[in-house]
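Asker: If it helps, the file is called work.cif and holds mmCIF, C-alpha atoms:
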```
data_start
#
loop_
_atom_site.label_atom_id
_atom_site.label_comp_id
_atom_site.auth_asym_id
_atom_site.auth_seq_id
_atom_site.Cartn_x
_atom_site.Cartn_y
_atom_site.Cartn_z
CA MET F 1 -16.71 6.48 15.02
CA TYR F 2 -13.56 4.47 14.44
CA TYR F 3 -11.95 4.10 11.02
CA PHE F 4 -8.79 2.71 9.53
CA HIS F 5 -7.24 2.54 6.08
CA PHE F 6 -6.06 -0.59 4.31
CA ASN F 7 -4.32 -1.02 0.96
CA LYS F 8 -7.58 -1.00 -1.08
CA GLY F 9 -9.78 1.35 0.94
CA THR F 10 -11.15 2.44 4.32
CA VAL F 11 -13.24 0.75 7.03
CA TYR F 12 -15.72 2.75 9.18
CA LEU F 13 -17.06 1.21 12.41
CA PRO F 14 -19.10 2.51 15.36
CA HIS F 15 -16.26 1.61 17.78
CA LYS F 16 -12.77 0.14 17.59
CA LYS F 17 -13.95 -3.11 19.21
CA SER F 18 -17.14 -3.47 17.13
CA GLU F 19 -17.87 -7.11 16.28
CA SER F 20 -20.27 -9.07 14.05
CA LEU F 21 -21.78 -6.08 12.26
CA PRO F 22 -23.77 -5.95 9.06
CA ILE F 23 -21.35 -4.38 6.58
CA ILE F 24 -22.19 -2.17 3.61
CA VAL F 25 -19.44 -2.26 0.97
CA SER F 26 -19.07 0.54 -1.59
CA THR F 27 -17.00 0.55 -4.75
CA TYR F 28 -18.46 3.56 -6.52
CA GLY F 29 -17.16 6.45 -4.43
CA ARG F 30 -14.93 7.78 -7.16
CA GLY F 31 -15.10 9.11 -10.70
CA GLU F 32 -17.25 11.82 -12.20
CA SER F 33 -20.43 11.62 -10.13
CA HIS F 34 -20.71 13.34 -6.76
CA TRP F 35 -23.70 11.18 -5.75
CA PRO F 36 -21.68 8.15 -4.55
CA LYS F 37 -19.36 10.37 -2.54
CA ARG F 38 -22.32 12.16 -0.96
CA VAL F 39 -24.07 8.91 -0.03
CA GLU F 40 -20.81 7.53 1.36
CA GLU F 41 -20.54 10.62 3.58
CA ALA F 42 -24.11 10.09 4.77
CA LEU F 43 -23.51 6.38 5.42
CA ARG F 44 -20.41 7.21 7.44
CA VAL F 45 -22.60 9.44 9.62
CA ALA F 46 -25.09 6.56 9.96
CA VAL F 47 -22.28 4.32 11.29
CA ASN F 48 -22.07 6.62 14.32
CA LYS F 49 -25.77 6.26 15.04
CA GLN F 50 -26.43 2.65 14.01
CA ASN F 51 -24.76 -0.66 14.64
CA ILE F 52 -23.47 -1.09 11.08
CA GLY F 53 -20.11 -0.93 9.38
CA PHE F 54 -19.19 0.65 6.09
CA VAL F 55 -16.24 -0.24 3.86
CA VAL F 56 -15.11 1.80 0.85
CA PHE F 57 -13.03 -0.05 -1.73
CA HIS F 58 -11.00 1.86 -4.31
CA GLU F 59 -10.91 -1.18 -6.61
CA GLY F 60 -12.09 -4.76 -6.81
CA ASN F 61 -15.09 -6.85 -7.76
CA PRO F 62 -17.84 -8.00 -5.37
CA ALA F 63 -16.34 -11.48 -4.92
CA GLU F 64 -12.92 -10.04 -3.97
CA MET F 65 -14.51 -7.52 -1.61
CA ALA F 66 -16.66 -10.16 0.10
CA ALA F 67 -13.62 -12.43 0.47
CA TRP F 68 -11.68 -9.62 2.21
CA VAL F 69 -14.51 -8.39 4.45
CA LYS F 70 -16.14 -11.65 5.63
CA PRO F 71 -13.33 -13.04 7.85
CA ARG F 72 -12.73 -9.73 9.68
CA TYR F 73 -13.53 -9.53 13.41
CA PHE F 74 -15.95 -6.65 12.85
CA THR F 75 -18.05 -8.53 10.28
CA ASP F 76 -21.00 -10.87 10.53
CA PRO F 77 -20.17 -12.94 7.42
CA ASP F 78 -23.87 -13.57 6.72
CA ARG F 79 -24.64 -9.83 6.62
CA VAL F 80 -22.29 -8.38 4.00
CA GLY F 81 -23.86 -6.40 1.16
CA ILE F 82 -23.00 -3.86 -1.48
CA PHE F 83 -23.90 -0.24 -2.22
CA SER F 84 -23.67 0.71 -5.87
CA LEU F 85 -24.66 3.36 -8.35
CA GLY F 86 -26.17 1.98 -11.53
CA GLU F 87 -28.43 -0.82 -12.65
CA PRO F 88 -29.93 -3.01 -9.92
CA VAL F 89 -28.01 -6.17 -9.25
CA TYR F 90 -30.15 -9.28 -9.46
CA ALA F 91 -30.22 -11.50 -6.38
CA SER F 92 -28.61 -14.44 -8.17
CA ASP F 93 -25.61 -12.27 -9.10
CA ILE F 94 -25.30 -10.99 -5.55
CA PHE F 95 -25.31 -14.44 -4.00
CA GLU F 96 -22.83 -15.83 -6.52
CA ASP F 97 -20.44 -13.20 -5.17
CA GLY F 98 -21.20 -14.20 -1.57
CA LEU F 99 -23.17 -11.06 -0.71
CA ALA F 100 -26.38 -11.00 1.34
CA PHE F 101 -28.00 -7.76 0.13
CA SER F 102 -27.62 -4.79 -2.16
CA VAL F 103 -28.40 -1.09 -1.92
CA VAL F 104 -28.58 0.40 -5.42
CA THR F 105 -29.60 3.83 -6.69
CA VAL F 106 -30.62 4.51 -10.28
CA PRO F 107 -32.47 7.19 -12.24
CA HIS F 108 -35.96 5.68 -12.63
CA GLY F 109 -37.41 7.65 -15.51
CA ARG F 110 -38.25 11.17 -16.55
CA ASP F 111 -40.65 13.33 -14.56
CA PRO F 112 -42.84 14.95 -17.25
CA ASN F 113 -43.32 18.08 -15.12
CA THR F 114 -39.63 18.86 -14.62
CA ASP F 115 -37.98 16.83 -17.43
CA THR F 116 -35.53 15.36 -14.91
CA PHE F 117 -34.89 11.79 -13.87
CA ILE F 118 -36.64 10.51 -10.74
CA PRO F 119 -34.11 8.79 -8.46
CA THR F 120 -34.92 5.32 -7.20
CA LEU F 121 -33.41 3.32 -4.35
CA TYR F 122 -33.44 -0.48 -4.66
CA LEU F 123 -33.04 -2.37 -1.38
CA GLN F 124 -32.60 -6.03 -2.22
CA GLY F 125 -32.49 -9.00 0.14
CA THR F 126 -33.99 -12.45 0.36
CA GLY F 127 -36.52 -14.35 2.41
CA GLU F 128 -39.81 -13.04 3.68
CA LYS F 129 -41.19 -9.59 3.00
CA VAL F 130 -40.18 -6.64 5.20
CA SER F 131 -42.68 -3.85 5.70
CA LEU F 132 -41.19 -0.36 5.81
CA GLU F 133 -42.80 2.79 7.14
CA THR F 134 -41.50 6.33 7.16
CA LEU F 135 -42.81 9.69 8.27
CA LYS F 136 -39.83 11.61 6.95
CA LEU F 137 -41.43 12.76 3.69
CA LYS F 138 -45.02 13.24 2.63
CA LYS F 139 -46.59 10.01 1.49
CA SER F 140 -47.14 11.51 -1.96
CA GLU F 141 -43.41 12.13 -2.30
CA ILE F 142 -42.28 8.55 -1.66
CA VAL F 143 -43.51 5.65 -3.74
CA ARG F 144 -42.56 2.29 -2.27
CA ARG F 145 -43.03 -1.00 -4.07
CA GLU F 146 -42.25 -4.19 -2.23
CA ASN F 147 -41.72 -7.64 -3.67
CA ALA F 148 -44.02 -10.04 -1.80
CA GLY F 149 -41.56 -12.93 -2.15
CA THR F 150 -38.39 -11.18 -0.99
CA LYS F 151 -37.09 -8.83 1.62
CA SER F 152 -36.76 -6.16 -1.05
CA ALA F 153 -38.08 -2.65 -1.57
CA HIS F 154 -38.06 -0.25 -4.49
CA VAL F 155 -38.28 3.34 -3.21
CA ILE F 156 -38.92 6.25 -5.62
CA PHE F 157 -38.37 9.81 -4.35
CA LYS F 158 -40.73 11.94 -6.41
CA GLY F 159 -39.96 15.64 -6.43
CA SER F 160 -36.29 15.03 -5.67
CA ASP F 161 -33.42 16.14 -7.83
CA GLU F 162 -31.81 13.53 -10.05
CA TYR F 163 -29.07 12.57 -7.58
CA LEU F 164 -31.12 12.65 -4.33
CA PHE F 165 -29.04 15.53 -2.97
CA ASN F 166 -32.08 17.20 -1.41
CA VAL F 167 -33.27 13.96 0.23
CA MET F 168 -29.91 12.32 0.97
CA LYS F 169 -30.67 11.92 4.67
CA TYR F 170 -34.01 10.26 3.89
CA ALA F 171 -32.44 7.83 1.41
CA VAL F 172 -29.85 6.83 4.01
CA ASP F 173 -32.56 6.58 6.70
CA GLU F 174 -34.53 4.25 4.41
CA THR F 175 -31.42 2.11 3.90
CA VAL F 176 -30.58 1.89 7.61
CA ARG F 177 -34.20 1.18 8.64
CA TRP F 178 -34.43 -1.55 5.99
CA LEU F 179 -31.17 -3.16 7.13
CA SER F 180 -32.36 -3.04 10.73
CA ALA F 181 -35.65 -4.77 9.77
CA LEU F 182 -33.82 -7.26 7.54
CA TYR F 183 -31.48 -8.35 10.31
CA THR F 184 -33.59 -8.12 13.45
CA ARG F 185 -32.76 -11.28 15.33
#
```
Turn this file's structure into structure tokens for me.
Answerer:
Amino acid sequence: MYYFHFNKGTVYLPHKKSESLPIIVSTYGRGESHWPKRVEEALRVAVNKQNIGFVVFHEGNPAEMAAWVKPRYFTDPDRVGIFSLGEPVYASDIFEDGLAFSVVTVPHGRDPNTDTFIPTLYLQGTGEKVSLETLKLKKSEIVRRENAGTKSAHVIFKGSDEYLFNVMKYAVDETVRWLSALYTR
């Protein structure tokens, strides 16, 4: 993996001469929660294994981040998206900021058996539906809802801790597999 720092963050690429990659941009790798930092670590590992880039911004809004990332040699300007912790970003908001997709994690609701929140991963794109399959967890432990009109998936990890720490690799695998399906050319 190749990485370099710039005044507002760090860029992670598979190789120094990587070009035209889908880029995941993160702005939430700071503050109180350890979840964004953990997922950023896992996504950096995915950069080594997949043909994607990952950019961590210390500050900025999605429009500013997209404006900085899109003209870079390592970026496919049509495949820039955001990773965030919090409420799902609606597609119209994403596209107004010039972003092609979003990867969002939120607590979904309380599990009545454990009285903890069930973490949910929202993978949002546009266009035709993408079908996702995984053998990583038991089928009963992953609930996947797909929107028939979009390339979007809503993945709930039942039985996981609130911040997905015990299924971090699977959440990142889901993200990378979805991006790969979304951008197969």
Asker: Just checking: using all atoms listed in the file, which residue out of F:Ile23, F:Val106, F:Leu121, F:Ala63 ends up closest to Pro77 of chain F?
Answerer: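 Nearest to Pro77 of chain F: F:Ile23.
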Asker: Provide the atom CA of Gly125 of chain F to atom CA of Trp178 of chain F distance in Å, to one decimal place.
Answerer: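 Atom CA of Trp178 of chain F lies at a distance of 9.7 Å from atom CA of Gly125 of chain F.
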Asker: Given the file shown, determine the residues that the PyMOL selection byres ((chain F and resi 7-15) around 8) selects; report them as a VMD selection string.
Answerer: chain F and resid 1 to 6 16 to 18 44 47 to 59 74
Asker: For Lys70 of chain F, list every protein, DNA or RNA residue within 12 Å, evaluated using only C-alpha atoms, and leave out those in the same chain fewer than 6 positions away; present the list as a list in words.
Answerer: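 Residues meeting the cut-off are Glu19, Ser20, Leu21, Pro22, Ile23, Ile24, Val25, Val55, Pro62, Ala63, Glu64, Asp76, Pro77, Asp78, Arg79, Val80, Gly81, Asp97, Gly98, Leu99 and Ala100 of chain F.
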Asker: Would you work out the distance separating atom CA of Glu40 of chain F from atom CA of Ser26 of chain F, expressed in Å to one decimal?
Answerer: 7.8 Å
Asker: Could you state the separation of atom CA of Met168 of chain F and atom CA of Lys151 of chain F in Å, given to one decimal place?
Answerer: 22.3 Å
Asker: Using only C-alpha atoms for the distances, tell me which of F:Val155, F:Ala181, F:Ile82, F:Val172 is nearest to Glu41 of chain F.
Answerer: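 Looking at the shortest contact to Glu41 of chain F, the residue is F:Val172.
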Asker: Quick one: of F:His154, F:Leu179, F:Tyr122, F:Asp173, who's nearest to Thr105 of chain F, counting all atoms listed in the file?
Answerer: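 Closest candidate: F:Tyr122.
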Asker: Determine, counting all atoms listed in the file, every residue of protein, DNA or RNA that lies within 6 Å of (-26.9, 6.5, 7.0) in the file coordinates, then give the result as a ChimeraX atom specification.
Answerer: /F:42-43,45-46,172-173,176
Asker: Name the closest residue to Ala153 of chain F among the candidates F:Tyr73, F:Trp68, F:Phe101, F:Tyr170; distances are taken between atoms, counting only C-alpha atoms.
Answerer: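 The shortest atom-to-atom distance to Ala153 of chain F comes from F:Phe101.
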Asker: Nearest to Thr150 of chain F among F:Asn166, F:Pro119, F:Leu182, F:Thr175, with distances taken over all atoms listed in the file: which residue is it?
Answerer: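 Closest to Thr150 of chain F of all the choices is F:Leu182.
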Asker: Using all atoms listed in the file, which of the listed residues (F:Ile118, F:Val103, F:Asn147, F:Pro71) sits closest to Glu174 of chain F?
Answerer: F:Val103
